[in-house]
file coords-v4.cif (mmCIF, C-alpha atoms)
data_run
loop_
_atom_site.label_atom_id
_atom_site.label_comp_id
_atom_site.auth_asym_id
_atom_site.auth_seq_id
_atom_site.Cartn_x
_atom_site.Cartn_y
_atom_site.Cartn_z
CA MET A 1 5.80 20.70 -9.58
CA ASP A 2 2.89 19.07 -7.84
CA PHE A 3 1.14 16.35 -9.80
CA GLN A 4 -1.68 14.69 -7.92
CA ARG A 5 -2.66 11.03 -7.66
CA GLY A 6 0.55 9.20 -6.70
CA ALA A 7 1.26 6.93 -9.60
CA GLY A 8 4.73 8.05 -10.51
CA PHE A 9 7.98 7.57 -8.62
CA GLY A 10 7.83 7.03 -4.91
CA GLY A 11 5.24 5.56 -2.65
CA GLY A 12 3.73 5.61 0.78
CA GLY A 13 4.70 3.86 3.97
CA ASP A 14 7.81 4.07 6.12
CA GLY A 15 10.19 2.80 3.45
CA PHE A 16 10.49 2.55 -0.28
CA ASP A 17 10.92 -0.87 -1.87
CA LEU A 18 12.20 -0.21 -5.39
CA MET A 19 11.47 -3.71 -6.68
CA SER A 20 7.93 -3.69 -5.27
CA TRP A 21 7.29 -0.30 -6.85
CA TYR A 22 8.67 -1.55 -10.17
CA MET A 23 6.57 -4.74 -10.18
CA GLU A 24 3.42 -2.77 -9.31
CA ILE A 25 3.69 -0.84 -12.57
CA PRO A 26 1.25 -2.33 -15.15
CA VAL A 27 2.88 -4.52 -17.76
CA VAL A 28 2.77 -2.17 -20.77
CA SER A 29 4.00 0.84 -18.79
CA ARG A 30 6.68 -1.31 -17.14
CA THR A 31 7.86 -2.65 -20.49
CA TYR A 32 8.19 0.83 -21.98
CA PHE A 33 9.96 2.21 -18.90
CA THR A 34 12.36 -0.75 -18.84
CA GLY A 35 13.18 -0.36 -22.51
CA ALA A 36 13.84 3.36 -22.12
CA PHE A 37 16.01 2.89 -19.03
CA LEU A 38 18.07 0.04 -20.50
CA THR A 39 18.59 1.94 -23.76
CA THR A 40 19.93 4.94 -21.86
CA ALA A 41 22.10 2.71 -19.67
CA ALA A 42 23.54 0.99 -22.76
CA CYS A 43 24.43 4.38 -24.22
CA ALA A 44 25.92 5.56 -20.92
CA VAL A 45 28.43 2.67 -20.86
CA ASP A 46 29.12 2.92 -24.61
CA ILE A 47 27.57 -0.42 -25.53
CA ILE A 48 25.59 1.38 -28.22
CA SER A 49 25.77 4.88 -29.62
CA PRO A 50 22.88 7.37 -29.78
CA PHE A 51 23.91 7.93 -33.39
CA SER A 52 22.64 4.43 -34.19
CA LEU A 53 19.29 5.10 -32.53
CA TYR A 54 17.98 8.43 -33.80
CA PHE A 55 15.16 8.86 -36.28
CA ASN A 56 16.33 9.38 -39.85
CA TRP A 57 13.93 8.78 -42.73
CA SER A 58 16.66 8.10 -45.28
CA LEU A 59 18.57 5.64 -43.09
CA ILE A 60 15.37 3.77 -42.25
CA PHE A 61 13.85 3.42 -45.69
CA LYS A 62 16.91 3.64 -47.95
CA GLU A 63 19.52 1.86 -45.82
CA GLY A 64 17.11 -0.59 -44.17
CA GLN A 65 17.91 0.47 -40.59
CA VAL A 66 14.35 -0.23 -39.48
CA TRP A 67 15.27 -0.58 -35.79
CA ARG A 68 15.37 3.24 -35.65
CA LEU A 69 11.57 3.21 -35.83
CA VAL A 70 11.66 1.70 -32.33
CA THR A 71 14.82 3.11 -30.76
CA THR A 72 13.82 6.72 -31.48
CA TYR A 73 11.07 6.20 -28.87
CA LEU A 74 13.38 4.57 -26.31
CA PHE A 75 16.25 7.05 -25.97
CA PHE A 76 15.57 10.11 -23.81
CA GLY A 77 19.10 11.44 -23.54
CA MET A 78 21.89 10.54 -21.15
CA PHE A 79 21.33 10.27 -17.40
CA SER A 80 20.47 13.76 -16.17
CA ILE A 81 17.78 15.76 -14.39
CA GLU A 82 15.94 16.08 -17.70
CA PHE A 83 16.03 12.29 -18.11
CA LEU A 84 14.54 11.84 -14.63
CA PHE A 85 11.72 14.25 -15.46
CA ASP A 86 11.04 12.35 -18.69
CA MET A 87 10.91 9.04 -16.83
CA PHE A 88 8.61 10.56 -14.22
CA PHE A 89 6.13 11.68 -16.87
CA LEU A 90 6.46 8.42 -18.82
CA VAL A 91 5.78 6.17 -15.83
CA ARG A 92 3.15 8.40 -14.26
CA TYR A 93 0.87 9.11 -17.19
CA CYS A 94 1.40 5.82 -19.00
CA ARG A 95 0.45 4.11 -15.74
CA LEU A 96 -2.51 6.38 -15.02
CA LEU A 97 -3.96 5.61 -18.43
CA GLU A 98 -3.30 1.88 -18.20
CA GLU A 99 -4.83 1.65 -14.72
CA GLY A 100 -7.62 4.11 -15.51
CA ASP A 101 -9.45 4.30 -18.84
CA PHE A 102 -7.68 1.20 -20.13
CA ARG A 103 -8.00 -1.03 -17.08
CA GLY A 104 -8.83 -4.51 -18.37
CA ARG A 105 -8.38 -3.24 -21.95
CA THR A 106 -4.70 -3.92 -22.54
CA ALA A 107 -5.20 -4.46 -26.28
CA ASN A 108 -6.84 -1.04 -26.57
CA PHE A 109 -3.98 0.57 -24.68
CA VAL A 110 -1.34 -1.09 -26.87
CA TYR A 111 -3.41 -0.06 -29.90
CA MET A 112 -3.33 3.53 -28.68
CA MET A 113 0.45 3.37 -28.34
CA LEU A 114 0.84 1.87 -31.82
CA PHE A 115 -1.49 4.52 -33.26
CA GLY A 116 0.60 7.22 -31.60
CA ILE A 117 3.89 5.79 -32.83
CA ILE A 118 2.63 5.44 -36.41
CA CYS A 119 1.17 8.96 -36.52
CA ILE A 120 4.16 10.62 -34.85
CA THR A 121 6.52 8.78 -37.18
CA ALA A 122 4.47 9.97 -40.16
CA VAL A 123 4.52 13.60 -38.97
CA ALA A 124 8.17 13.72 -37.83
CA PRO A 125 9.75 13.99 -41.32
CA PHE A 126 7.91 17.27 -41.83
CA ALA A 127 9.39 18.72 -38.63
CA ASN A 128 12.94 20.01 -38.50
CA SER A 129 15.57 18.31 -36.35
CA VAL A 130 13.50 15.83 -34.34
CA PRO A 131 15.96 12.94 -33.85
CA PHE A 132 14.22 11.32 -30.87
CA LEU A 133 10.46 11.04 -30.55
CA GLY A 134 9.93 9.63 -27.05
CA LYS A 135 8.83 13.02 -25.70
CA SER A 136 6.13 13.18 -28.36
CA ILE A 137 4.55 9.92 -27.19
CA ILE A 138 4.70 11.17 -23.59
CA SER A 139 3.04 14.43 -24.64
CA MET A 140 0.33 12.44 -26.40
CA MET A 141 -0.37 10.38 -23.27
CA VAL A 142 -0.45 13.48 -21.07
CA TYR A 143 -2.92 15.10 -23.47
CA VAL A 144 -5.25 12.08 -23.55
CA TRP A 145 -5.12 11.66 -19.77
CA GLY A 146 -5.83 15.36 -19.27
CA ARG A 147 -8.85 15.32 -21.54
CA ARG A 148 -10.21 12.26 -19.72
CA ASN A 149 -9.77 13.92 -16.31
CA GLU A 150 -11.04 17.41 -16.97
CA ASP A 151 -12.01 18.17 -13.36
CA THR A 152 -8.69 17.12 -11.83
CA LYS A 153 -6.90 20.08 -10.27
CA MET A 154 -3.15 20.38 -10.72
CA SER A 155 -0.50 22.88 -9.69
CA PHE A 156 2.77 24.06 -11.17
CA LEU A 157 5.58 25.18 -8.85
CA GLY A 158 3.04 25.47 -6.07
CA PHE A 159 1.33 28.64 -7.24
CA LEU A 160 -0.20 28.10 -10.69
CA THR A 161 -3.37 26.03 -10.39
CA PHE A 162 -5.13 24.64 -13.44
CA ASN A 163 -7.29 21.77 -14.62
CA ALA A 164 -5.71 18.63 -16.09
CA PRO A 165 -6.51 19.38 -19.79
CA TYR A 166 -4.09 22.33 -19.63
CA LEU A 167 -1.18 20.21 -18.39
CA PRO A 168 0.41 19.52 -21.82
CA TRP A 169 0.26 23.25 -22.59
CA VAL A 170 1.85 24.13 -19.23
CA ILE A 171 4.65 21.65 -19.95
CA LEU A 172 5.05 23.14 -23.42
CA GLY A 173 5.25 26.64 -21.97
CA PHE A 174 7.83 25.53 -19.41
CA SER A 175 9.94 23.97 -22.18
CA LEU A 176 9.72 27.24 -24.10
CA LEU A 177 10.86 29.23 -21.06
CA MET A 178 13.81 26.85 -20.64
CA GLY A 179 14.85 27.48 -24.24
CA GLN A 180 14.03 23.95 -25.38
CA SER A 181 12.41 22.98 -28.66
CA ILE A 182 8.64 22.55 -28.43
CA THR A 183 8.30 20.69 -31.73
CA ARG A 184 8.01 17.28 -30.09
CA ASP A 185 5.45 18.59 -27.60
CA LEU A 186 3.33 20.01 -30.41
CA ILE A 187 3.50 16.78 -32.40
CA GLY A 188 2.40 14.80 -29.35
CA ILE A 189 -0.47 17.18 -28.57
CA PHE A 190 -1.67 17.02 -32.17
CA VAL A 191 -1.59 13.22 -32.31
CA GLY A 192 -3.16 13.01 -28.86
CA HIS A 193 -6.03 15.20 -29.99
CA VAL A 194 -6.62 13.03 -33.07
CA TYR A 195 -6.64 9.88 -30.94
CA TYR A 196 -8.94 11.41 -28.32
CA PHE A 197 -11.45 12.37 -31.00
CA LEU A 198 -11.41 8.96 -32.69
CA GLU A 199 -11.54 6.95 -29.46
CA PHE A 200 -13.84 8.99 -27.21
CA VAL A 201 -15.72 11.57 -29.30
CA TYR A 202 -16.48 9.84 -32.58
CA PRO A 203 -18.24 6.76 -31.06
CA VAL A 204 -20.70 9.04 -29.23
CA THR A 205 -21.32 11.07 -32.39
CA ALA A 206 -21.72 7.88 -34.47
CA GLU A 207 -24.27 6.53 -32.01
CA ILE A 208 -26.29 9.74 -31.97
CA ARG A 209 -26.27 10.11 -35.75
CA ASP A 210 -26.65 6.36 -36.33
CA LEU A 211 -23.56 6.19 -38.54
CA PRO A 212 -22.74 2.76 -40.04
CA ILE A 213 -19.28 2.64 -38.43
CA LYS A 214 -19.66 2.93 -34.67
CA ARG A 215 -16.00 2.61 -33.65
CA ILE A 216 -12.81 3.34 -35.52
CA MET A 217 -10.16 2.62 -32.88
CA GLU A 218 -11.11 -1.01 -32.21
CA PRO A 219 -8.04 -3.29 -32.01
CA PRO A 220 -7.98 -6.32 -34.30
CA LEU A 221 -9.03 -9.61 -32.75
CA PHE A 222 -5.51 -11.07 -32.90
CA LEU A 223 -4.27 -8.26 -30.61
CA HIS A 224 -7.00 -9.12 -28.10
CA TRP A 225 -5.96 -12.78 -28.36
CA LEU A 226 -2.25 -11.98 -28.02
CA LEU A 227 -2.79 -9.91 -24.88
CA GLY A 228 -5.55 -12.04 -23.42
CA SER A 229 -8.01 -9.18 -23.10
CA ARG A 230 -11.57 -9.54 -21.95
CA GLN A 231 -12.96 -8.65 -25.37
CA TYR A 232 -11.34 -11.76 -26.89
CA GLN A 233 -12.55 -14.00 -24.08
CA HIS A 234 -16.08 -12.60 -24.50
CA HIS A 235 -15.89 -13.17 -28.26
CA VAL A 236 -14.80 -16.80 -27.79
CA HIS A 237 -17.56 -17.36 -25.25
CA GLU A 238 -20.17 -16.05 -27.67
CA ASP A 239 -18.90 -18.37 -30.44
#

call {"tool": "encode", "arguments": {"input": "coords-v4.cif", "output": "structure tokens"}}
result
Amino acid sequence: MDFQRGAGFGGGGDGFDLMSWYMEIPVVSRTYFTGAFLTTAACAVDIISPFSLYFNWSLIFKEGQVWRLVTTYLFFGMFSIEFLFDMFFLVRYCRLLEEGDFRGRTANFVYMMLFGIICITAVAPFANSVPFLGKSIISMMVYVWGRRNEDTKMSFLGFLTFNAPYLPWVILGFSLLMGQSITRDLIGIFVGHVYYFLEFVYPVTAEIRDLPIKRIMEPPLFLHWLLGSRQYQHHVHED
């Protein structure tokens, strides 16, 4: 596959400095990638078991195993080619969003991730056999990035050329051809579409129609304060 704009694994120059590449990843993307990698490593050496990580509504809300609400988004399977592909997509599109539309808006980016996690978690119980939801959040990010970069050309296996908004559907089709479940992809695309509408479409519509609520996806002030975003600094300056 050929995915343009080098923000995933690898880099330019004569050599590749792994630590430099890692530290260049924006903080939110780096935190998620680190959590996913360490979770998989812990499972690989039998420190923890995947059976204690998967999403199960009954175990979470009846047995109080609330950590599963987080770990279901951190485990992407054992070390394998599929795991490497998942990490590629996670780092690449999480980073492209954080350095692109959300540059200088860390609170908004974290708010998007929280929105995605909450919505995917709410939808998951209605889907059959979806123990791990990390691929859904990746699919959501790919969808949002694609919609925000509609003119970006991409290619699949070197011969299929398409615009970025079709990327999540191409990935879904590839998963289908490989005999994999597409449930998580569909959940991510659905949630990504809802977020895209609320964050990028609704504010324009509200402004045109002079609706009383101009923005729905505005992070609370404490999140701006916690992450030191420009919106909080501007608010303090105005006060």

call {"tool": "residues_around", "arguments": {"input": "coords-v4.cif", "residues": "Thr31 of chain A", "least_positions_apart": "5", "cutoff": "12 Å", "atoms": "all atoms listed in the file", "output": "PyMOL selection string"}}
result
chain A and resi 22-23+25-26+36-38+74+90-91+94-95+110

call {"tool": "axis_aligned_box", "arguments": {"input": "coords-v4.cif", "around": "segment 82-101 of chain A", "padding_each_side": "4 Å", "output": "AutoDock Vina command-line options"}}
result
--center_x 3.3 --center_y 8.9 --center_z -16.6 --size_x 33.5 --size_y 22.4 --size_z 12.8

call {"tool": "resolve_selection", "arguments": {"input": "coords-v4.cif", "expression": "the PyMOL selection byres ((chain A and resi 43) around 12)", "output": "JSON list (two decimals) with C-alpha atoms, in the frame of the given file"}}
result
[["chain", "number", "residue", "atom", "x", "y", "z"],
["A", 36, "ALA", "CA", 13.84, 3.36, -22.12],
["A", 37, "PHE", "CA", 16.01, 2.89, -19.03],
["A", 38, "LEU", "CA", 18.07, 0.04, -20.50],
["A", 39, "THR", "CA", 18.59, 1.94, -23.76],
["A", 40, "THR", "CA", 19.93, 4.94, -21.86],
["A", 41, "ALA", "CA", 22.10, 2.71, -19.67],
["A", 42, "ALA", "CA", 23.54, 0.99, -22.76],
["A", 44, "ALA", "CA", 25.92, 5.56, -20.92],
["A", 45, "VAL", "CA", 28.43, 2.67, -20.86],
["A", 46, "ASP", "CA", 29.12, 2.92, -24.61],
["A", 47, "ILE", "CA", 27.57, -0.42, -25.53],
["A", 48, "ILE", "CA", 25.59, 1.38, -28.22],
["A", 49, "SER", "CA", 25.77, 4.88, -29.62],
["A", 50, "PRO", "CA", 22.88, 7.37, -29.78],
["A", 51, "PHE", "CA", 23.91, 7.93, -33.39],
["A", 52, "SER", "CA", 22.64, 4.43, -34.19],
["A", 53, "LEU", "CA", 19.29, 5.10, -32.53],
["A", 71, "THR", "CA", 14.82, 3.11, -30.76],
["A", 74, "LEU", "CA", 13.38, 4.57, -26.31],
["A", 75, "PHE", "CA", 16.25, 7.05, -25.97],
["A", 76, "PHE", "CA", 15.57, 10.11, -23.81],
["A", 77, "GLY", "CA", 19.10, 11.44, -23.54],
["A", 78, "MET", "CA", 21.89, 10.54, -21.15],
["A", 79, "PHE", "CA", 21.33, 10.27, -17.40]]

call {"tool": "resolve_selection", "arguments": {"input": "coords-v4.cif", "expression": "the PyMOL selection byres ((chain A and resi 167) around 10)", "output": "JSON, numbers by chain"}}
result
{"A": [3, 139, 142, 143, 145, 146, 147, 153, 154, 155, 156, 162, 163, 164, 165, 166, 168, 169, 170, 171, 172, 173]}

call {"tool": "resolve_selection", "arguments": {"input": "coords-v4.cif", "expression": "the PyMOL selection byres ((chain A and resi 55-57) around 9)", "output": "VMD selection string"}}
result
chain A and resid 52 to 54 58 to 62 68 to 73 121 124 to 125 130 to 133

call {"tool": "closest_residue", "arguments": {"input": "coords-v4.cif", "among": "A:Met141, A:Leu226, A:Leu221, A:Leu177", "to": "Val194 of chain A", "atoms": "all atoms listed in the file"}}
result
A:Met141

call {"tool": "atom_distance", "arguments": {"input": "coords-v4.cif", "atom1": "atom CA of Gln180 of chain A", "atom2": "atom CA of Gly35 of chain A"}}
result
24.5 Å

call {"tool": "atom_distance", "arguments": {"input": "coords-v4.cif", "atom1": "atom CA of Asp86 of chain A", "atom2": "atom CA of Phe159 of chain A"}}
result
22.2 Å

call {"tool": "closest_residue", "arguments": {"input": "coords-v4.cif", "among": "A:Phe33, A:Phe200, A:Phe222, A:Phe190", "to": "Met87 of chain A", "atoms": "all atoms listed in the file"}}
result
A:Phe33

call {"tool": "closest_residue", "arguments": {"input": "coords-v4.cif", "among": "A:Ile187, A:Leu157, A:Thr152, A:Val66", "to": "Phe174 of chain A", "atoms": "all atoms listed in the file"}}
result
A:Leu157

call {"tool": "closest_residue", "arguments": {"input": "coords-v4.cif", "among": "A:Glu218, A:Leu186, A:Ile213, A:Asn149", "to": "Val123 of chain A", "atoms": "all atoms listed in the file"}}
result
A:Leu186

call {"tool": "atom_distance", "arguments": {"input": "coords-v4.cif", "atom1": "atom CA of Val191 of chain A", "atom2": "atom CA of Gly116 of chain A"}}
result
6.4 Å

call {"tool": "residues_around", "arguments": {"input": "coords-v4.cif", "residues": "Tyr111 of chain A", "least_positions_apart": "2", "cutoff": "9 Å", "atoms": "all atoms listed in the file", "output": "MDAnalysis selection string"}}
result
chainID A and resid 106:109 113:116 217:220 223

call {"tool": "closest_residue", "arguments": {"input": "coords-v4.cif", "among": "A:Ile81, A:Ile182, A:Met140, A:Ile216", "to": "Ala127 of chain A", "atoms": "all atoms listed in the file"}}
result
A:Ile182

call {"tool": "closest_residue", "arguments": {"input": "coords-v4.cif", "among": "A:Glu150, A:Asp101, A:Asp185, A:Glu24", "to": "Ile137 of chain A", "atoms": "only C-alpha atoms"}}
result
A:Asp185

call {"tool": "build_atoms", "arguments": {"input": "coords-v4.cif", "residues": "segment 195-224 of chain A", "atoms": "N, CA and C atoms", "output": "PDB file, in the frame of the given file"}}
result
ATOM      1  N   TYR A 195      -6.249  11.142 -31.584  1.00  0.00           N
ATOM      2  CA  TYR A 195      -6.640   9.880 -30.940  1.00  0.00           C
ATOM      3  C   TYR A 195      -7.840  10.094 -30.033  1.00  0.00           C
ATOM      4  N   TYR A 196      -7.833  11.156 -29.245  1.00  0.00           N
ATOM      5  CA  TYR A 196      -8.940  11.410 -28.320  1.00  0.00           C
ATOM      6  C   TYR A 196     -10.259  11.538 -29.082  1.00  0.00           C
ATOM      7  N   PHE A 197     -10.222  12.221 -30.203  1.00  0.00           N
ATOM      8  CA  PHE A 197     -11.450  12.370 -31.000  1.00  0.00           C
ATOM      9  C   PHE A 197     -11.924  11.016 -31.519  1.00  0.00           C
ATOM     10  N   LEU A 198     -11.016  10.244 -32.089  1.00  0.00           N
ATOM     11  CA  LEU A 198     -11.410   8.960 -32.690  1.00  0.00           C
ATOM     12  C   LEU A 198     -11.860   7.943 -31.653  1.00  0.00           C
ATOM     13  N   GLU A 199     -11.246   7.953 -30.479  1.00  0.00           N
ATOM     14  CA  GLU A 199     -11.540   6.950 -29.460  1.00  0.00           C
ATOM     15  C   GLU A 199     -12.729   7.330 -28.572  1.00  0.00           C
ATOM     16  N   PHE A 200     -12.852   8.610 -28.209  1.00  0.00           N
ATOM     17  CA  PHE A 200     -13.840   8.990 -27.210  1.00  0.00           C
ATOM     18  C   PHE A 200     -14.962   9.894 -27.735  1.00  0.00           C
ATOM     19  N   VAL A 201     -14.697  10.647 -28.785  1.00  0.00           N
ATOM     20  CA  VAL A 201     -15.720  11.570 -29.300  1.00  0.00           C
ATOM     21  C   VAL A 201     -16.505  10.950 -30.443  1.00  0.00           C
ATOM     22  N   TYR A 202     -15.799  10.389 -31.402  1.00  0.00           N
ATOM     23  CA  TYR A 202     -16.480   9.840 -32.580  1.00  0.00           C
ATOM     24  C   TYR A 202     -17.515   8.767 -32.242  1.00  0.00           C
ATOM     25  N   PRO A 203     -17.219   7.783 -31.354  1.00  0.00           N
ATOM     26  CA  PRO A 203     -18.240   6.760 -31.060  1.00  0.00           C
ATOM     27  C   PRO A 203     -19.551   7.347 -30.547  1.00  0.00           C
ATOM     28  N   VAL A 204     -19.487   8.396 -29.745  1.00  0.00           N
ATOM     29  CA  VAL A 204     -20.700   9.040 -29.230  1.00  0.00           C
ATOM     30  C   VAL A 204     -21.453   9.702 -30.382  1.00  0.00           C
ATOM     31  N   THR A 205     -20.700  10.411 -31.231  1.00  0.00           N
ATOM     32  CA  THR A 205     -21.320  11.070 -32.390  1.00  0.00           C
ATOM     33  C   THR A 205     -21.929  10.039 -33.333  1.00  0.00           C
ATOM     34  N   ALA A 206     -21.221   8.936 -33.565  1.00  0.00           N
ATOM     35  CA  ALA A 206     -21.720   7.880 -34.470  1.00  0.00           C
ATOM     36  C   ALA A 206     -23.001   7.263 -33.931  1.00  0.00           C
ATOM     37  N   GLU A 207     -23.073   7.109 -32.616  1.00  0.00           N
ATOM     38  CA  GLU A 207     -24.270   6.530 -32.010  1.00  0.00           C
ATOM     39  C   GLU A 207     -25.460   7.479 -32.126  1.00  0.00           C
ATOM     40  N   ILE A 208     -25.213   8.756 -31.896  1.00  0.00           N
ATOM     41  CA  ILE A 208     -26.290   9.740 -31.970  1.00  0.00           C
ATOM     42  C   ILE A 208     -26.815   9.881 -33.390  1.00  0.00           C
ATOM     43  N   ARG A 209     -25.886   9.905 -34.350  1.00  0.00           N
ATOM     44  CA  ARG A 209     -26.270  10.110 -35.750  1.00  0.00           C
ATOM     45  C   ARG A 209     -26.536   8.796 -36.484  1.00  0.00           C
ATOM     46  N   ASP A 210     -26.409   7.690 -35.757  1.00  0.00           N
ATOM     47  CA  ASP A 210     -26.650   6.360 -36.330  1.00  0.00           C
ATOM     48  C   ASP A 210     -25.792   6.110 -37.566  1.00  0.00           C
ATOM     49  N   LEU A 211     -24.492   6.422 -37.443  1.00  0.00           N
ATOM     50  CA  LEU A 211     -23.560   6.190 -38.540  1.00  0.00           C
ATOM     51  C   LEU A 211     -23.269   4.692 -38.655  1.00  0.00           C
ATOM     52  N   PRO A 212     -22.965   4.208 -39.845  1.00  0.00           N
ATOM     53  CA  PRO A 212     -22.740   2.760 -40.040  1.00  0.00           C
ATOM     54  C   PRO A 212     -21.525   2.231 -39.283  1.00  0.00           C
ATOM     55  N   ILE A 213     -20.483   3.054 -39.164  1.00  0.00           N
ATOM     56  CA  ILE A 213     -19.280   2.640 -38.430  1.00  0.00           C
ATOM     57  C   ILE A 213     -19.338   3.266 -37.050  1.00  0.00           C
ATOM     58  N   LYS A 214     -19.497   2.432 -36.026  1.00  0.00           N
ATOM     59  CA  LYS A 214     -19.660   2.930 -34.670  1.00  0.00           C
ATOM     60  C   LYS A 214     -18.329   3.235 -33.989  1.00  0.00           C
ATOM     61  N   ARG A 215     -17.316   2.418 -34.277  1.00  0.00           N
ATOM     62  CA  ARG A 215     -16.000   2.610 -33.650  1.00  0.00           C
ATOM     63  C   ARG A 215     -14.904   2.481 -34.701  1.00  0.00           C
ATOM     64  N   ILE A 216     -13.941   3.374 -34.606  1.00  0.00           N
ATOM     65  CA  ILE A 216     -12.810   3.340 -35.520  1.00  0.00           C
ATOM     66  C   ILE A 216     -11.584   2.724 -34.854  1.00  0.00           C
ATOM     67  N   MET A 217     -11.374   3.041 -33.581  1.00  0.00           N
ATOM     68  CA  MET A 217     -10.160   2.620 -32.880  1.00  0.00           C
ATOM     69  C   MET A 217     -10.359   1.297 -32.150  1.00  0.00           C
ATOM     70  N   GLU A 218     -10.938   0.311 -32.812  1.00  0.00           N
ATOM     71  CA  GLU A 218     -11.110  -1.010 -32.210  1.00  0.00           C
ATOM     72  C   GLU A 218      -9.953  -1.907 -32.625  1.00  0.00           C
ATOM     73  N   PRO A 219      -9.195  -2.435 -31.667  1.00  0.00           N
ATOM     74  CA  PRO A 219      -8.040  -3.290 -32.010  1.00  0.00           C
ATOM     75  C   PRO A 219      -8.492  -4.541 -32.746  1.00  0.00           C
ATOM     76  N   PRO A 220      -7.649  -5.056 -33.622  1.00  0.00           N
ATOM     77  CA  PRO A 220      -7.980  -6.320 -34.300  1.00  0.00           C
ATOM     78  C   PRO A 220      -8.053  -7.459 -33.299  1.00  0.00           C
ATOM     79  N   LEU A 221      -8.791  -8.499 -33.661  1.00  0.00           N
ATOM     80  CA  LEU A 221      -9.030  -9.610 -32.750  1.00  0.00           C
ATOM     81  C   LEU A 221      -7.735 -10.298 -32.332  1.00  0.00           C
ATOM     82  N   PHE A 222      -6.754 -10.368 -33.243  1.00  0.00           N
ATOM     83  CA  PHE A 222      -5.510 -11.070 -32.900  1.00  0.00           C
ATOM     84  C   PHE A 222      -4.765 -10.347 -31.770  1.00  0.00           C
ATOM     85  N   LEU A 223      -4.921  -9.010 -31.688  1.00  0.00           N
ATOM     86  CA  LEU A 223      -4.270  -8.260 -30.610  1.00  0.00           C
ATOM     87  C   LEU A 223      -4.955  -8.567 -29.275  1.00  0.00           C
ATOM     88  N   HIS A 224      -6.286  -8.696 -29.306  1.00  0.00           N
ATOM     89  CA  HIS A 224      -7.000  -9.120 -28.100  1.00  0.00           C
ATOM     90  C   HIS A 224      -6.542 -10.511 -27.675  1.00  0.00           C
TER      91      HIS A 224
END
